[in-house]
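As provided, start_8.cif (mmCIF, C-alpha atoms) reads as follows.
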```cif
data_data
#
loop_
_atom_site.label_atom_id
_atom_site.label_comp_id
_atom_site.auth_asym_id
_atom_site.auth_seq_id
_atom_site.Cartn_x
_atom_site.Cartn_y
_atom_site.Cartn_z
CA MET A 1425 143.55 149.26 71.17
CA LYS A 1426 140.57 147.02 71.75
CA LYS A 1427 138.37 147.75 74.74
CA ARG A 1428 137.94 144.71 77.00
CA LEU A 1429 134.33 143.75 77.69
CA LEU A 1430 132.71 141.58 80.36
CA ILE A 1431 129.07 140.50 79.80
CA VAL A 1432 127.01 139.79 82.94
CA ASP A 1433 123.47 138.40 82.73
CA ASP A 1434 121.84 135.31 84.25
CA SER A 1435 120.36 134.46 80.85
CA SER A 1436 122.74 132.65 78.52
CA ILE A 1437 120.56 133.65 75.55
CA MET A 1438 120.84 137.30 76.57
CA ARG A 1439 124.64 137.06 76.99
CA ARG A 1440 124.97 135.54 73.53
CA THR A 1441 122.59 138.14 72.05
CA ILE A 1442 124.73 140.96 73.45
CA GLU A 1443 127.89 139.26 72.17
CA LYS A 1444 126.41 138.84 68.68
CA ASN A 1445 125.12 142.39 68.47
CA LEU A 1446 128.45 143.88 69.55
CA ALA A 1447 130.51 141.80 67.12
CA ASN A 1448 131.19 144.83 64.86
CA TYR A 1449 132.70 146.85 67.67
CA ASP A 1450 136.38 146.94 68.49
CA LEU A 1451 135.83 144.98 71.66
CA GLU A 1452 137.53 141.92 73.11
CA ILE A 1453 135.10 139.86 75.18
CA ILE A 1454 137.19 138.78 78.15
CA GLY A 1455 134.45 136.79 79.86
CA GLN A 1456 130.81 136.21 80.67
CA ALA A 1457 129.21 135.80 84.08
CA SER A 1458 125.76 134.65 85.14
CA ASN A 1459 125.63 136.39 88.53
CA GLY A 1460 127.27 139.16 90.52
CA VAL A 1461 129.67 136.90 92.41
CA GLU A 1462 131.14 135.44 89.23
CA ALA A 1463 131.27 138.92 87.72
CA LEU A 1464 133.28 140.33 90.61
CA GLU A 1465 135.86 137.55 90.34
CA LEU A 1466 136.30 138.35 86.65
CA VAL A 1467 136.52 142.10 87.31
CA LYS A 1468 139.27 141.49 89.92
CA GLN A 1469 141.22 139.19 87.59
CA GLU A 1470 140.71 140.86 84.22
CA LYS A 1471 140.05 144.55 84.95
CA PRO A 1472 137.68 145.00 81.96
CA ASP A 1473 137.20 148.45 80.40
CA VAL A 1474 133.48 147.93 79.90
CA VAL A 1475 130.87 145.76 81.66
CA THR A 1476 127.27 145.12 80.61
CA LEU A 1477 125.43 144.33 83.82
CA ASP A 1478 121.98 142.84 84.41
CA ILE A 1479 120.29 143.61 87.75
CA THR A 1480 117.94 140.70 88.54
CA MET A 1481 120.36 137.82 89.07
CA PRO A 1482 120.86 135.06 91.66
CA GLU A 1483 123.67 135.12 94.29
CA MET A 1484 124.33 138.86 94.03
CA ASN A 1485 122.16 141.33 92.14
CA GLY A 1486 123.47 143.89 89.70
CA ILE A 1487 123.17 146.91 91.99
CA GLN A 1488 125.24 145.24 94.72
CA CYS A 1489 127.69 144.09 92.08
CA LEU A 1490 127.95 147.61 90.63
CA GLU A 1491 128.84 149.02 94.07
CA GLU A 1492 131.62 146.45 94.44
CA ILE A 1493 132.94 147.02 90.91
CA MET A 1494 133.19 150.76 91.59
CA LYS A 1495 135.25 150.03 94.74
CA ILE A 1496 137.76 147.73 93.04
CA HIS A 1497 137.89 149.15 89.51
CA PRO A 1498 136.35 152.65 89.45
CA SER A 1499 137.41 153.52 85.89
CA CYS A 1500 135.32 150.66 84.50
CA LYS A 1501 132.41 151.80 82.32
CA VAL A 1502 129.32 149.89 83.42
CA MET A 1503 126.26 149.71 81.18
CA ILE A 1504 123.21 148.43 83.04
CA ILE A 1505 120.91 146.29 80.89
CA THR A 1506 117.81 145.37 82.86
CA ALA A 1507 114.10 144.61 82.60
CA LEU A 1508 113.43 146.71 85.74
CA SER A 1509 112.02 149.73 83.96
CA ASP A 1510 111.05 151.97 86.87
CA LYS A 1511 112.79 155.33 87.12
CA LEU A 1512 114.07 154.77 90.67
CA THR A 1513 116.16 151.76 89.69
CA GLY A 1514 117.74 153.76 86.87
CA LEU A 1515 118.54 156.66 89.16
CA ILE A 1516 120.05 154.36 91.80
CA ALA A 1517 122.27 152.70 89.19
CA LEU A 1518 123.48 156.03 87.80
CA ASP A 1519 124.06 157.33 91.33
CA LYS A 1520 126.22 154.29 92.10
CA GLY A 1521 128.42 154.86 89.08
CA ALA A 1522 126.80 153.29 86.02
CA ARG A 1523 127.72 155.13 82.80
CA GLY A 1524 124.72 153.92 80.83
CA PHE A 1525 121.34 152.34 81.31
CA LEU A 1526 119.25 150.27 78.91
CA TYR A 1527 115.82 148.80 79.51
CA LYS A 1528 115.09 145.34 78.17
CA PRO A 1529 113.76 144.31 75.73
CA VAL A 1530 116.94 145.46 73.99
CA SER A 1531 117.16 145.35 70.20
CA ALA A 1532 120.38 145.43 68.18
CA GLU A 1533 119.66 149.09 67.40
CA ASP A 1534 119.19 149.98 71.08
CA LEU A 1535 122.49 148.36 71.95
CA GLU A 1536 124.29 150.04 69.06
CA ARG A 1537 122.97 153.49 70.03
CA SER A 1538 124.02 153.05 73.66
CA PHE A 1539 127.45 151.67 72.86
CA ASN A 1540 128.12 154.46 70.35
CA LYS A 1541 127.48 156.88 73.16
CA LEU A 1542 129.41 154.90 75.77
CA LEU A 1543 132.43 154.42 73.53
CA LYS A 1544 132.04 157.89 71.94
CA ARG A 1545 131.69 156.55 68.42
CA ASN A 1546 130.10 158.47 65.52
CA GLY A 1547 131.22 161.74 67.07
CA GLU A 1548 128.70 161.49 69.92
CA MET B 769 88.67 154.86 94.81
CA GLU B 770 89.52 152.01 92.49
CA SER B 771 87.83 148.73 93.41
CA ARG B 772 89.95 145.58 93.82
CA LYS B 773 88.51 144.19 90.60
CA GLU B 774 89.39 147.34 88.64
CA GLU B 775 92.86 147.37 90.17
CA PHE B 776 93.39 143.72 89.21
CA GLU B 777 92.21 144.35 85.65
CA ALA B 778 94.44 147.41 85.36
CA THR B 779 97.41 145.32 86.44
CA CYS B 780 96.48 142.64 83.89
CA ASN B 781 96.43 145.30 81.18
CA LEU B 782 99.95 146.32 82.12
CA PHE B 783 101.09 142.73 81.54
CA ILE B 784 99.24 142.60 78.21
CA ASN B 785 101.00 145.78 77.09
CA SER B 786 104.32 144.43 78.31
CA VAL B 787 103.91 141.19 76.33
CA ASN B 788 102.87 143.07 73.18
CA ASN B 789 105.83 145.40 73.50
CA TYR B 790 108.29 142.51 73.93
CA PHE B 791 107.31 140.81 70.70
CA LYS B 792 106.85 143.98 68.68
CA HIS B 793 110.11 145.58 69.78
CA LEU B 794 112.33 142.54 69.34
CA THR B 795 110.74 140.65 66.47
CA GLU B 796 108.66 143.25 64.61
CA ILE B 797 105.89 140.65 64.58
CA ASP B 798 102.79 141.62 66.51
CA SER B 799 101.38 139.29 69.15
CA ASN B 800 97.62 138.84 69.16
CA ILE B 801 95.88 138.73 72.49
CA ARG B 802 92.84 136.47 72.69
CA VAL B 803 90.07 137.14 75.20
CA PRO B 804 91.58 136.92 78.71
CA TYR B 805 89.63 135.12 81.42
CA LEU B 806 89.63 134.43 85.14
CA LYS B 807 90.46 130.89 86.13
CA GLU B 808 89.93 128.77 89.24
CA ALA B 809 93.17 127.78 90.92
CA ASN B 810 92.62 124.03 90.59
CA GLY B 811 94.80 122.88 87.73
CA LEU B 812 97.18 125.11 85.85
CA LEU B 813 97.30 125.93 82.19
CA LEU B 814 100.75 124.90 81.03
CA LYS B 815 102.44 124.27 77.73
CA ASP B 816 105.73 122.37 77.42
CA TYR B 817 108.11 124.99 78.82
CA THR B 818 107.46 127.69 81.40
CA GLY B 819 109.23 130.65 82.94
CA MET B 820 107.71 131.85 86.21
CA ILE B 821 108.37 134.97 88.29
CA ALA B 822 107.35 135.38 91.93
CA ILE B 823 105.95 138.82 92.78
CA SER B 824 106.38 140.45 96.19
CA GLY B 825 106.34 143.91 97.76
CA SER B 826 103.33 146.09 96.90
CA ARG B 827 101.59 143.13 95.22
CA LYS B 828 101.98 139.42 95.94
CA GLY B 829 101.61 136.53 93.56
CA PHE B 830 103.22 135.24 90.40
CA VAL B 831 103.26 135.52 86.64
CA TYR B 832 104.32 132.86 84.19
CA ILE B 833 104.67 132.51 80.45
CA SER B 834 104.22 129.04 79.04
CA ALA B 835 104.66 127.95 75.44
CA ASN B 836 105.78 125.05 73.32
CA ARG B 837 109.37 124.48 72.30
CA GLU B 838 108.78 125.85 68.80
CA MET B 839 107.90 129.35 69.97
CA PHE B 840 110.94 129.72 72.21
CA GLY B 841 113.03 128.11 69.45
CA ASP B 842 111.87 130.74 66.95
CA LEU B 843 112.83 133.54 69.34
CA ILE B 844 116.27 132.01 69.93
CA HIS B 845 116.78 131.69 66.19
CA MET B 846 115.90 135.36 65.70
CA PHE B 847 118.16 136.53 68.53
CA ILE B 848 121.30 134.43 68.09
CA GLY B 849 120.77 132.51 64.87
CA ILE B 850 120.93 128.94 66.15
CA ASP B 851 118.54 126.36 64.67
CA ASP B 852 118.76 123.53 67.15
CA PRO B 853 118.69 124.97 70.69
CA SER B 854 119.26 122.70 73.68
CA ASP B 855 116.62 122.13 76.37
CA GLU B 856 118.69 124.44 78.55
CA ASP B 857 118.46 127.18 75.92
CA ILE B 858 114.68 126.76 75.65
CA LEU B 859 114.27 127.04 79.41
CA ASP B 860 116.61 130.02 79.50
CA MET B 861 114.50 131.75 76.84
CA ALA B 862 111.32 131.03 78.82
CA GLY B 863 112.92 132.55 81.91
CA GLU B 864 114.22 135.63 80.12
CA ILE B 865 110.94 136.55 78.47
CA SER B 866 109.08 136.15 81.76
CA ASN B 867 111.69 138.33 83.49
CA VAL B 868 111.37 141.09 80.89
CA VAL B 869 107.57 141.05 80.81
CA ALA B 870 107.36 141.22 84.63
CA GLY B 871 110.18 143.73 85.00
CA ASN B 872 108.69 146.17 82.48
CA VAL B 873 105.50 146.44 84.55
CA ARG B 874 107.58 148.37 87.09
CA ALA B 875 107.54 151.35 84.73
CA ASN B 876 103.96 151.82 85.94
CA LEU B 877 103.88 150.10 89.32
CA GLY B 878 107.23 151.33 90.61
CA ALA B 879 110.12 149.72 92.45
CA ASN B 880 107.90 148.31 95.22
CA PHE B 881 106.55 145.83 92.70
CA MET B 882 109.33 143.34 93.30
CA ILE B 883 110.14 140.36 91.11
CA SER B 884 112.21 137.24 91.67
CA VAL B 885 114.73 135.67 89.36
CA PRO B 886 112.97 133.32 86.93
CA ILE B 887 111.97 129.80 87.93
CA VAL B 888 111.94 127.63 84.83
CA PHE B 889 110.52 124.16 84.25
CA GLU B 890 109.46 121.68 81.64
CA GLY B 891 106.01 120.09 81.82
CA MET B 892 104.14 120.13 85.13
CA PRO B 893 106.39 119.68 88.17
CA LYS B 894 104.74 117.75 91.03
CA GLU B 895 106.13 120.13 93.62
CA LEU B 896 104.57 123.20 91.98
CA LYS B 897 102.00 124.58 94.39
CA ILE B 898 99.86 127.61 93.68
CA PRO B 899 98.57 129.61 96.67
CA GLU B 900 94.80 129.35 97.18
CA ASN B 901 94.17 133.03 97.88
CA VAL B 902 95.11 134.35 94.45
CA SER B 903 92.95 135.46 91.55
CA ILE B 904 94.25 133.86 88.38
CA TYR B 905 93.95 135.63 85.08
CA VAL B 906 94.81 133.79 81.86
CA ILE B 907 95.93 135.79 78.84
CA PRO B 908 96.13 133.58 75.74
CA ILE B 909 98.44 134.99 73.09
CA GLN B 910 99.38 134.11 69.56
CA TRP B 911 102.69 135.09 68.06
CA ASN B 912 104.13 133.92 64.76
CA ASN B 913 101.57 131.08 64.60
CA HIS B 914 102.42 129.84 68.09
CA GLU B 915 100.09 129.86 71.06
CA ALA B 916 101.28 130.78 74.53
CA PHE B 917 99.73 131.57 77.89
CA VAL B 918 100.58 134.46 80.14
CA VAL B 919 99.11 133.59 83.52
CA LEU B 920 98.95 136.16 86.29
CA GLY B 921 98.08 135.23 89.87
CA LEU B 922 97.71 138.02 92.39
CA GLU B 923 96.42 138.13 95.96
#
```

The structure given in the file should be rewritten as structure tokens.
Amino acid sequence: MKKRLLIVDDSSIMRRTIEKNLANYDLEIIGQASNGVEALELVKQEKPDVVTLDITMPEMNGIQCLEEIMKIHPSCKVMIITALSDKLTGLIALDKGARGFLYKPVSAEDLERSFNKLLKRNGE
Amino acid sequence: MESRKEEFEATCNLFINSVNNYFKHLTEIDSNIRVPYLKEANGLLLKDYTGMIAISGSRKGFVYISANREMFGDLIHMFIGIDDPSDEDILDMAGEISNVVAGNVRANLGANFMISVPIVFEGMPKELKIPENVSIYVIPIQWNNHEAFVVLGLE
């Protein structure tokens, strides 16, 4: 059964890049959001299995959004994809329930490696 | 103890490394950095499209990346394969690259180096005001036969 994916990033180019690079995966993209508020609405309505989540976004940032997602849909696997490459931000995200963490700039290979791990493909 | 000038130059080097890494990692085409220079605040160096990030916390100021449509268009083509991006796409690309370049500097400067969401614009907006108490460092870059400016202003 296809996993249901929500892509959250304030950059439309980045959202489309993620969508393109995950096209070979057995994923159904159930929506895209450009900020944390929109993302939460989609999480409530659609209950995605997987969310890619940017941090630096208007309205509600990714860390606040992650906290809310974990309250309303704790089984959701959240992969943080952010330019904020300090260790503290990564630790905070993992502490709040993120299952994966990727630093931008993210290449197709980076995304593939992380999603293989997240979705336990290739025996990882 | 590091002097203010040395500290400023060290920060500039972090941005140079961040820009180089962006292009190399995503496009496998090296960017070439021309000789950076300090600039007076009167008049800004801008190309057609710009993505700007406000910096707060441990340092205060801004960084922007400005380039012509063709450079951002080439990046968009490489990333998502479209040949005729809209103005909105070009501005989005300018914002995203500025966000990544500024955000990556936190690997060295830590989480107290805080960055805003990108502010994007075309041309030279009349309302754009640059604070007077900042040192402005211009880093000219060339990538894939395009010229761009990375401009860093820090108190």

(message) Which residues are close to Leu1429 of chain A, i.e. within 6 Å by all atoms listed in the file, leaving aside same-chain residues fewer than 3 positions away? Reply as a list of chain:residue names.
(response)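 Near Leu1429 of chain A, the qualifying residues are A:Glu1452, A:Ile1453, A:Ile1454, A:Pro1472, A:Val1474, A:Val1475.
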
Just C-alpha atoms for this one: save the residues we selected as a PDB file, in the coordinates of the input.
```
ATOM      1  CA  GLU A1452     137.530 141.920  73.110  1.00  0.00           C
ATOM      2  CA  ILE A1453     135.100 139.860  75.180  1.00  0.00           C
ATOM      3  CA  ILE A1454     137.190 138.780  78.150  1.00  0.00           C
ATOM      4  CA  PRO A1472     137.680 145.000  81.960  1.00  0.00           C
ATOM      5  CA  VAL A1474     133.480 147.930  79.900  1.00  0.00           C
ATOM      6  CA  VAL A1475     130.870 145.760  81.660  1.00  0.00           C
TER       7      VAL A1475
END
```

Residues of chain A within 8 Å of chain B, counting all atoms listed in the file, as a compact mmCIF listing (two decimals) with C-alpha atoms, in the frame of the given file:
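Below you can see selection.txt, which holds the result:
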```txt
# COMPACT_ATOMS: atom_id res chain seq x y z
CA SER A 1435 120.36 134.46 80.85
CA SER A 1436 122.74 132.65 78.52
CA ILE A 1437 120.56 133.65 75.55
CA MET A 1438 120.84 137.30 76.57
CA ARG A 1440 124.97 135.54 73.53
CA THR A 1441 122.59 138.14 72.05
CA LYS A 1444 126.41 138.84 68.68
CA THR A 1480 117.94 140.70 88.54
CA MET A 1481 120.36 137.82 89.07
CA PRO A 1482 120.86 135.06 91.66
CA THR A 1506 117.81 145.37 82.86
CA ALA A 1507 114.10 144.61 82.60
CA LEU A 1508 113.43 146.71 85.74
CA SER A 1509 112.02 149.73 83.96
CA ASP A 1510 111.05 151.97 86.87
CA LYS A 1511 112.79 155.33 87.12
CA LEU A 1512 114.07 154.77 90.67
CA THR A 1513 116.16 151.76 89.69
CA LYS A 1528 115.09 145.34 78.17
CA PRO A 1529 113.76 144.31 75.73
CA VAL A 1530 116.94 145.46 73.99
CA SER A 1531 117.16 145.35 70.20
```

(request) Output the residue selection produced by the PyMOL selection byres ((chain B and resi 806) around 8) on the file above, formatted as a list in words. (result)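 When the PyMOL selection byres ((chain B and resi 806) around 8) is applied to the shown file, the picked residues are Pro804, Tyr805, Lys807, Glu808, Ser903, Ile904, Tyr905 and Val906 of chain B.
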
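Shortest separation to Ile898 of chain B among B:Ala778, B:Leu922, B:Val787, B:Ala916 occurs at residue B:Leu922, atoms counted being all atoms listed in the file.
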
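Note that atom CA of Gly819 of chain B and atom CA of Val918 of chain B are 9.9 Å apart.
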
Suppose a student applies the PyMOL selection byres ((chain B and resi 801) around 9) to this structure; what residues should they get, written as an mmCIF file with C-alpha atoms, in the coordinates of the input?
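Result written to result_36.cif:
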```cif
data_model
loop_
_atom_site.group_PDB
_atom_site.id
_atom_site.type_symbol
_atom_site.label_atom_id
_atom_site.label_comp_id
_atom_site.auth_asym_id
_atom_site.auth_seq_id
_atom_site.Cartn_x
_atom_site.Cartn_y
_atom_site.Cartn_z
ATOM 1 C CA ILE B 784 99.240 142.600 78.210
ATOM 2 C CA ASN B 788 102.870 143.070 73.180
ATOM 3 C CA SER B 799 101.380 139.290 69.150
ATOM 4 C CA ASN B 800 97.620 138.840 69.160
ATOM 5 C CA ARG B 802 92.840 136.470 72.690
ATOM 6 C CA VAL B 803 90.070 137.140 75.200
ATOM 7 C CA PRO B 804 91.580 136.920 78.710
ATOM 8 C CA ILE B 907 95.930 135.790 78.840
ATOM 9 C CA PRO B 908 96.130 133.580 75.740
ATOM 10 C CA ILE B 909 98.440 134.990 73.090
ATOM 11 C CA GLN B 910 99.380 134.110 69.560
ATOM 12 C CA TRP B 911 102.690 135.090 68.060
#
```

(request) Just say which residues the PyMOL selection byres ((chain B and resi 818) around 9) picks in this file, as number ranges by chain. (result) B: 814-817, 819-820, 832-836, 859, 862-863, 866, 887-891

Could the centre and edge lengths of an axis-aligned box, enclosing all atoms of segment 1519-1528 of chain A in the file with 8 Å extra on each side, be given in Å to one decimal as AutoDock Vina command-line options?
```
--center_x 121.8 --center_y 151.3 --center_z 85.1 --size_x 29.3 --size_y 28.0 --size_z 29.9
```

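Atom CA of Ile1487 of chain A to atom CA of Lys1541 of chain A spans 21.7 Å [interatomic distance, one decimal].
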
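Considering the residues B:Ser854, B:Asn901, B:Asn781, B:Ser771 and counting all atoms listed in the file, Arg837 of chain B has its shortest atom-to-atom contact with B:Ser854.
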
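Interatomic distance, atom CA of Glu1491 of chain A against atom CA of Lys1520 of chain A: 6.2 Å.
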
Export segment 1457-1532 of chain A of the preceding structure, keeping C-alpha atoms, as a PDB file, in the first residue's frame.
```pdb
ATOM      1  CA  ALA A1457       1.977  23.340   2.181  1.00  0.00           C
ATOM      2  CA  SER A1458       4.017  26.528   2.283  1.00  0.00           C
ATOM      3  CA  ASN A1459       3.880  27.139   6.043  1.00  0.00           C
ATOM      4  CA  GLY A1460       3.163  25.394   9.317  1.00  0.00           C
ATOM      5  CA  VAL A1461      -0.450  26.541   9.578  1.00  0.00           C
ATOM      6  CA  GLU A1462      -1.375  25.115   6.179  1.00  0.00           C
ATOM      7  CA  ALA A1463       0.554  21.957   7.011  1.00  0.00           C
ATOM      8  CA  LEU A1464      -1.373  21.366  10.224  1.00  0.00           C
ATOM      9  CA  GLU A1465      -4.708  21.696   8.430  1.00  0.00           C
ATOM     10  CA  LEU A1466      -3.588  19.058   5.928  1.00  0.00           C
ATOM     11  CA  VAL A1467      -2.278  16.760   8.671  1.00  0.00           C
ATOM     12  CA  LYS A1468      -5.645  16.976  10.489  1.00  0.00           C
ATOM     13  CA  GLN A1469      -7.618  16.278   7.304  1.00  0.00           C
ATOM     14  CA  GLU A1470      -5.407  13.743   5.542  1.00  0.00           C
ATOM     15  CA  LYS A1471      -3.399  12.002   8.288  1.00  0.00           C
ATOM     16  CA  PRO A1472      -0.300  11.487   6.081  1.00  0.00           C
ATOM     17  CA  ASP A1473       2.141   8.650   6.833  1.00  0.00           C
ATOM     18  CA  VAL A1474       5.170  10.783   6.030  1.00  0.00           C
ATOM     19  CA  VAL A1475       5.837  14.547   6.116  1.00  0.00           C
ATOM     20  CA  THR A1476       8.878  16.406   4.801  1.00  0.00           C
ATOM     21  CA  LEU A1477       9.088  19.559   6.896  1.00  0.00           C
ATOM     22  CA  ASP A1478      11.119  22.733   6.410  1.00  0.00           C
ATOM     23  CA  ILE A1479      11.873  24.824   9.519  1.00  0.00           C
ATOM     24  CA  THR A1480      12.277  28.447   8.394  1.00  0.00           C
ATOM     25  CA  MET A1481       8.783  29.328   7.192  1.00  0.00           C
ATOM     26  CA  PRO A1482       6.321  32.205   7.675  1.00  0.00           C
ATOM     27  CA  GLU A1483       3.200  31.960   9.904  1.00  0.00           C
ATOM     28  CA  MET A1484       4.424  28.961  11.911  1.00  0.00           C
ATOM     29  CA  ASN A1485       7.932  27.540  11.784  1.00  0.00           C
ATOM     30  CA  GLY A1486       8.738  23.883  11.342  1.00  0.00           C
ATOM     31  CA  ILE A1487       9.665  23.173  14.961  1.00  0.00           C
ATOM     32  CA  GLN A1488       6.341  24.538  16.243  1.00  0.00           C
ATOM     33  CA  CYS A1489       4.565  22.642  13.489  1.00  0.00           C
ATOM     34  CA  LEU A1490       6.388  19.410  14.386  1.00  0.00           C
ATOM     35  CA  GLU A1491       5.236  19.718  18.020  1.00  0.00           C
ATOM     36  CA  GLU A1492       1.629  20.103  16.873  1.00  0.00           C
ATOM     37  CA  ILE A1493       1.851  17.225  14.391  1.00  0.00           C
ATOM     38  CA  MET A1494       3.139  14.927  17.144  1.00  0.00           C
ATOM     39  CA  LYS A1495       0.118  15.878  19.312  1.00  0.00           C
ATOM     40  CA  ILE A1496      -2.509  15.196  16.646  1.00  0.00           C
ATOM     41  CA  HIS A1497      -0.894  12.395  14.626  1.00  0.00           C
ATOM     42  CA  PRO A1498       1.999  10.861  16.594  1.00  0.00           C
ATOM     43  CA  SER A1499       2.587   7.902  14.261  1.00  0.00           C
ATOM     44  CA  CYS A1500       3.463  10.260  11.399  1.00  0.00           C
ATOM     45  CA  LYS A1501       7.086   9.990  10.242  1.00  0.00           C
ATOM     46  CA  VAL A1502       8.469  13.510   9.931  1.00  0.00           C
ATOM     47  CA  MET A1503      11.637  14.168   7.944  1.00  0.00           C
ATOM     48  CA  ILE A1504      13.037  17.630   8.619  1.00  0.00           C
ATOM     49  CA  ILE A1505      14.657  19.234   5.570  1.00  0.00           C
ATOM     50  CA  THR A1506      16.237  22.534   6.542  1.00  0.00           C
ATOM     51  CA  ALA A1507      19.077  24.939   5.803  1.00  0.00           C
ATOM     52  CA  LEU A1508      19.634  25.473   9.556  1.00  0.00           C
ATOM     53  CA  SER A1509      22.725  23.323   9.857  1.00  0.00           C
ATOM     54  CA  ASP A1510      23.670  23.818  13.505  1.00  0.00           C
ATOM     55  CA  LYS A1511      23.660  20.748  15.723  1.00  0.00           C
ATOM     56  CA  LEU A1512      21.252  22.209  18.299  1.00  0.00           C
ATOM     57  CA  THR A1513      18.429  22.588  15.790  1.00  0.00           C
ATOM     58  CA  GLY A1514      18.874  18.971  14.711  1.00  0.00           C
ATOM     59  CA  LEU A1515      18.823  17.748  18.290  1.00  0.00           C
ATOM     60  CA  ILE A1516      15.712  19.785  19.116  1.00  0.00           C
ATOM     61  CA  ALA A1517      13.894  18.379  16.080  1.00  0.00           C
ATOM     62  CA  LEU A1518      14.814  14.788  16.942  1.00  0.00           C
ATOM     63  CA  ASP A1519      13.839  15.372  20.573  1.00  0.00           C
ATOM     64  CA  LYS A1520      10.423  16.620  19.468  1.00  0.00           C
ATOM     65  CA  GLY A1521       9.750  13.515  17.404  1.00  0.00           C
ATOM     66  CA  ALA A1522      11.329  13.916  13.970  1.00  0.00           C
ATOM     67  CA  ARG A1523      12.378  10.554  12.473  1.00  0.00           C
ATOM     68  CA  GLY A1524      14.944  12.011  10.095  1.00  0.00           C
ATOM     69  CA  PHE A1525      16.906  15.156   9.472  1.00  0.00           C
ATOM     70  CA  LEU A1526      18.451  16.482   6.267  1.00  0.00           C
ATOM     71  CA  TYR A1527      20.479  19.634   5.801  1.00  0.00           C
ATOM     72  CA  LYS A1528      19.930  21.681   2.668  1.00  0.00           C
ATOM     73  CA  PRO A1529      21.316  21.866   0.056  1.00  0.00           C
ATOM     74  CA  VAL A1530      19.705  18.486  -0.602  1.00  0.00           C
ATOM     75  CA  SER A1531      20.621  16.534  -3.718  1.00  0.00           C
ATOM     76  CA  ALA A1532      18.581  13.709  -5.228  1.00  0.00           C
TER      77      ALA A1532
END
```
